[in-house]
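Participant: Starting off with a structure, shown below.
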Amino acid sequence: MTKILVDMVERHADEAAFLWELRERAWRSPLFELSDLLGLDRRLAANLEGIVLAGEVGLQLCLHAQRRGKAPELFPAVYAAAELGETMTLAELLVGAAKVPGGEEATVSALSWLSAERATVVLGELLSGDCPPALQRVGIGALAARREDPGPKLEEALRSADGRCARGRRGRRGSWGGETLLPLLRSEARLDESEAGAQAAWAAVLLGDTGVLPELWRAASAGGSTAVAAADLAVRCVEAPESAERLLELSRAPGTLRAALAGAAARGDSSCIPWVLAVMEREPTMARHAMWAVSTITGALPVPPLAVRGPTDVPPDEALRRAALDPWEDLPAPIAAAWRAHWEEVGSRHAPGERRLGGRQIDAAWLAHVLRAGRAPWRASAAIEQMRASAGDGLFPVHAPAPWQMARLSLPGTSGQ
C-alpha cells in the first residue's frame with residue numbers, strides 16, 4: 001500500500017475516534033436532535049468503512065493509535081478487529097479496555113456498530129460459558145444496545161461473579177429478561193448502598209418494580225454519580241404532592257441541587273418553576289440546568305432574548321477540546337430576568353399538576369413526536385415515559401447509531417444498520 005493510501009487510512013482512524021467522541025457528547029447534548037446525530041453518524045460510518053476496506057493495514061493503524069490508552073481510539077480498534085474477524089486481537093483489546101477510562105463504554109459502543117453477521121458471531125462468543133465474566137458483561141451491554149435478546153444465556157451471565165454490575169448496566173439499556181432480572185435487581189438494590197446498588201434500584205424501577213422506590217430516593221439524596229439519574233426516574237413514579245416535596249428537599253442541599261433540577265425537568269410540573277427560577281438567579285453554576293428545566297416545562301427554547309447566544313460553529317480542534325466537558329455547557333447562558341418575565345407572561349397557561357415535556361402535556365402521540373424530532377434530553381425522557389407506559393416493550397436506545405434509530409422510528413430516507 002502506498003504512503004498516500006496509508007496516510008488516508010490513518011486519517012480514517014483518527015477521524016473515527018474523533019467523531020465517536022463527538023457523538024458521545026451529541027446524543028446527550030440539549031442542542032442536538034436525531035437529525036444532527038445522523039450527520040455525525042454517517043461521517044463516522046464512512047470512516048469505519050474505510051478502515052475495514054484497508055484490512056490488516058487499517059487494523060494495525062487503529063492499534064497503533066489505541067496505544068495512547070484513550071477510549072476514543074479504542075472504539076475504532078475494537079470495531080475493526082471484530083469486523084475483520086481478528087479474534088485474538090479483539091480478545092486482547094477487550095481485556096485491556098478495563099484499564100482505559102471509559103474503555104468499557106467504548107467497547108460496548110463499538111460492538112453495537114457491527115454488521116449483523118459479525119455481531120451474531122462475536123456476541124455469541126462473548127456470552128459463551130467459556131468467556132470470562134467481565135467479557136460476558138460487555139456482551140450483555142452490546143446486545144442491549146442493539147436491542148437483541150440473548151435468551152437463556154442472560155441468566156447464567158447475570159449470576160456470574162461480575163453479574164452485579166451487569167444487572168445495573170442491563171437495566172439502563174432496555175427491558176428484556178425482566179422476569180430473570182427483577183428478583184436479582186430487587187435484592188441488590190436493598191442490600192447494596194454503593195453505586196451498583198443505586199443502578200440496580202434504577203433498573204428495577206424502570207422494569208416496573210416500584211417497591212424499591214425508597215432505595216432510588218436514597219440514591220438521589222446521597223448525591224454522587226447516580227443521584228441525577230435516580231431523581232430523574234423517581235419523580236416519574238410518584239404523585240405530584242410527593243414529588244414536589246421530595247424535590248424541594250433535594251434542592252436545599254448543594255450536593256443534590258443538580259439532581260433536584262433534573263427531577264424538576266423530568267416531572268414537568270409547573271409547580272416547580274418558582275424555586276427553579278430562584279436557583280437560576282442565585283446559583284450561577286446551576287443556571288443552565290435550571291434554564292433547561294423551565295424550557296422542558298414551558299417549551300421555550302434557550303435562545304435570545306432568553307439567553308446569551310454562544311458560537312454555533314467551532315473549529316474541529318476546539319470541538320474536540322470541548323468534548324471532554326459537560327454537554328450542558330453547550331447551552332448559552334440564561335438571562336434570569338428574561339426567564340422570570342417570560343414565566344409571568346405564560347404561567348397562567350400551565351396548570352399545576354400537569355406533566356409536560358417540551359411544553360406539551362405528555363401523551364403517546366407527543367412522546368412519539370419527541371423521539372423523532374426532540375432535543376436529546378427530551379428524547380431520553382420520552383423513551384423512559386414510553387417504556388413505563390408500554391408494559392415492558394423496552395427502552396428505546398437514544399444512544400444507538402442514528403440510521404438504526406431512524407429506521408425503527410419509520411423516518412423516511414434511512415435504513416437500519
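Labeling convention for the C-alpha cells: chains A, B, ... as they appear, residues from 1 per chain, ligands from 1 in order of appearance.
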Can you tell me which residues surround Gly50 (chain A) at a distance of at most 9 Å, considering only C-alpha atoms, apart from same-chain residues fewer than 4 positions away, and format the answer as a PyMOL selection string?
Facilitator: chain A and resi 8-9+12-13+45-46+54+58
Participant: Please give the complete set of residues from region 229-415 of chain A that DSSP, run on the backbone, assigns to strand (DSSP E), formatted as a count of residues only.
Facilitator: 8
Participant: I'd like to know which of A:Ala333, A:Val294, A:Leu257, A:Leu38 is closest to Gly359 (chain A), using only C-alpha atoms.
Facilitator: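 Nearest candidate to Gly359 (chain A) out of A:Ala333, A:Val294, A:Leu257, A:Leu38: A:Val294.
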Participant: Would you list the contacts of Glu117 (chain A) as a list in words, taking every protein, DNA or RNA residue within 12 Å and counting only C-alpha atoms, but skipping same-chain residues closer than 4 positions in sequence?
Facilitator: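 Using only C-alpha atoms, the neighbours found are Ala82, Glu83, Leu84, Gly85, Leu111, Trp113, Val121, Val122, Leu123, Gly124 and Gln417 of chain A.
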Participant: Keeping N, CA, C and O atoms, export the residues of the selection given above as a PDB file, in the first residue's frame.
Facilitator:
ATOM      1  N   ALA A  82     -13.150  -6.716  15.388  1.00  0.00           N
ATOM      2  CA  ALA A  82     -14.354  -7.547  15.371  1.00  0.00           C
ATOM      3  C   ALA A  82     -14.882  -7.742  13.959  1.00  0.00           C
ATOM      4  O   ALA A  82     -15.241  -8.850  13.551  1.00  0.00           O
ATOM      5  N   GLU A  83     -14.926  -6.668  13.179  1.00  0.00           N
ATOM      6  CA  GLU A  83     -15.472  -6.745  11.825  1.00  0.00           C
ATOM      7  C   GLU A  83     -14.581  -7.563  10.909  1.00  0.00           C
ATOM      8  O   GLU A  83     -15.070  -8.243   9.986  1.00  0.00           O
ATOM      9  N   LEU A  84     -13.268  -7.537  11.150  1.00  0.00           N
ATOM     10  CA  LEU A  84     -12.324  -8.287  10.313  1.00  0.00           C
ATOM     11  C   LEU A  84     -12.107  -9.717  10.805  1.00  0.00           C
ATOM     12  O   LEU A  84     -11.358 -10.472  10.183  1.00  0.00           O
ATOM     13  N   GLY A  85     -12.730 -10.089  11.910  1.00  0.00           N
ATOM     14  CA  GLY A  85     -12.613 -11.456  12.413  1.00  0.00           C
ATOM     15  C   GLY A  85     -11.278 -11.767  13.056  1.00  0.00           C
ATOM     16  O   GLY A  85     -10.890 -12.936  13.136  1.00  0.00           O
ATOM     17  N   LEU A 111     -19.087  -2.543  19.528  1.00  0.00           N
ATOM     18  CA  LEU A 111     -19.772  -3.789  19.191  1.00  0.00           C
ATOM     19  C   LEU A 111     -21.204  -3.534  18.750  1.00  0.00           C
ATOM     20  O   LEU A 111     -21.771  -4.312  17.980  1.00  0.00           O
ATOM     21  N   TRP A 113     -22.036  -1.212  16.796  1.00  0.00           N
ATOM     22  CA  TRP A 113     -21.958  -0.736  15.417  1.00  0.00           C
ATOM     23  C   TRP A 113     -21.672  -1.851  14.421  1.00  0.00           C
ATOM     24  O   TRP A 113     -21.693  -1.615  13.205  1.00  0.00           O
ATOM     25  N   VAL A 121     -21.756 -13.533  15.430  1.00  0.00           N
ATOM     26  CA  VAL A 121     -20.602 -14.368  15.776  1.00  0.00           C
ATOM     27  C   VAL A 121     -19.914 -13.859  17.039  1.00  0.00           C
ATOM     28  O   VAL A 121     -19.700 -14.598  18.004  1.00  0.00           O
ATOM     29  N   VAL A 122     -19.562 -12.576  17.043  1.00  0.00           N
ATOM     30  CA  VAL A 122     -18.760 -12.021  18.136  1.00  0.00           C
ATOM     31  C   VAL A 122     -19.524 -12.041  19.446  1.00  0.00           C
ATOM     32  O   VAL A 122     -19.001 -12.477  20.485  1.00  0.00           O
ATOM     33  N   LEU A 123     -20.770 -11.587  19.449  1.00  0.00           N
ATOM     34  CA  LEU A 123     -21.526 -11.520  20.695  1.00  0.00           C
ATOM     35  C   LEU A 123     -21.920 -12.914  21.186  1.00  0.00           C
ATOM     36  O   LEU A 123     -22.018 -13.142  22.395  1.00  0.00           O
ATOM     37  N   GLY A 124     -22.116 -13.829  20.260  1.00  0.00           N
ATOM     38  CA  GLY A 124     -22.354 -15.208  20.670  1.00  0.00           C
ATOM     39  C   GLY A 124     -21.173 -15.782  21.429  1.00  0.00           C
ATOM     40  O   GLY A 124     -21.334 -16.492  22.427  1.00  0.00           O
ATOM     41  N   GLN A 417     -29.093  -0.311  10.458  1.00  0.00           N
ATOM     42  CA  GLN A 417     -27.732  -0.825  10.307  1.00  0.00           C
ATOM     43  C   GLN A 417     -27.738  -2.316  10.427  1.00  0.00           C
ATOM     44  O   GLN A 417     -28.470  -2.874  11.215  1.00  0.00           O
TER      45      GLN A 417
END
Participant: With only C-alpha atoms as the counted atoms, please give the residues lying no more than 10 Å from region 96-99 of chain A, apart from itself and same-chain residues fewer than 6 positions off, as a count of residues only.
Facilitator: 12
Participant: For a quick check of understanding, using only C-alpha atoms, which of A:Ala373, A:Leu409, A:Met280, A:Ala234 has the smallest distance to Glu385 (chain A)?
Facilitator: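 That would be A:Ala234, the residue with the smallest distance to Glu385 (chain A).
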Participant: Go ahead and compute the interatomic distance for CA of Ala230 (chain A) and CA of Arg356 (chain A), in Å to one decimal.
Facilitator: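 Value for the CA of Ala230 (chain A)-CA of Arg356 (chain A) distance: 19.3 Å.
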Participant: Tell me which protein, DNA and RNA residues are within 9 Å of Ser243 (chain A), counting only C-alpha atoms, leaving out same-chain ones fewer than 5 positions away, and put them as number ranges by chain.
Facilitator: A: 234-238, 248, 263-264, 267
Participant: Please produce an output containing N, CA, C and O atoms for each residue in the selection, written as a compact mmCIF listing (two decimals), in the first residue's frame.
Facilitator:
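Output file selection-v3.txt is given in full below:
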# COMPACT_ATOMS: atom_id res chain seq x y z
N ALA A 234 -37.23 8.63 39.68
CA ALA A 234 -38.10 8.51 40.85
C ALA A 234 -39.31 9.44 40.77
O ALA A 234 -40.44 9.05 41.11
N VAL A 235 -39.09 10.69 40.31
CA VAL A 235 -40.21 11.65 40.28
C VAL A 235 -41.27 11.25 39.27
O VAL A 235 -42.42 11.70 39.36
N ARG A 236 -40.93 10.43 38.32
CA ARG A 236 -41.92 9.99 37.32
C ARG A 236 -42.88 8.96 37.90
O ARG A 236 -43.90 8.65 37.28
N CYS A 237 -42.53 8.41 39.07
CA CYS A 237 -43.27 7.26 39.60
C CYS A 237 -44.13 7.60 40.80
O CYS A 237 -44.72 6.70 41.41
N VAL A 238 -44.20 8.89 41.19
CA VAL A 238 -45.00 9.28 42.35
C VAL A 238 -45.94 10.41 41.96
O VAL A 238 -45.76 11.06 40.92
N LEU A 248 -38.08 19.60 46.60
CA LEU A 248 -37.70 20.73 47.44
C LEU A 248 -36.63 20.31 48.45
O LEU A 248 -35.69 21.07 48.74
N GLY A 263 -34.78 16.35 38.37
CA GLY A 263 -36.09 15.85 38.75
C GLY A 263 -37.20 16.79 38.34
O GLY A 263 -38.27 16.35 37.90
N ALA A 264 -36.96 18.10 38.47
CA ALA A 264 -37.97 19.07 38.07
C ALA A 264 -38.25 18.98 36.57
O ALA A 264 -39.41 19.02 36.13
N ARG A 267 -40.19 15.71 35.96
CA ARG A 267 -41.58 15.78 36.40
C ARG A 267 -42.41 16.64 35.46
O ARG A 267 -43.56 16.34 35.17
Participant: Go through A:His289, A:Lys3, A:Arg23, A:Arg372 one by one, measure the shortest atom-to-atom distance of each to Pro332 (chain A) using only C-alpha atoms, and give the residue with the smallest value.
Facilitator: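 The shortest atom-to-atom distance to Pro332 (chain A) comes from A:His289.
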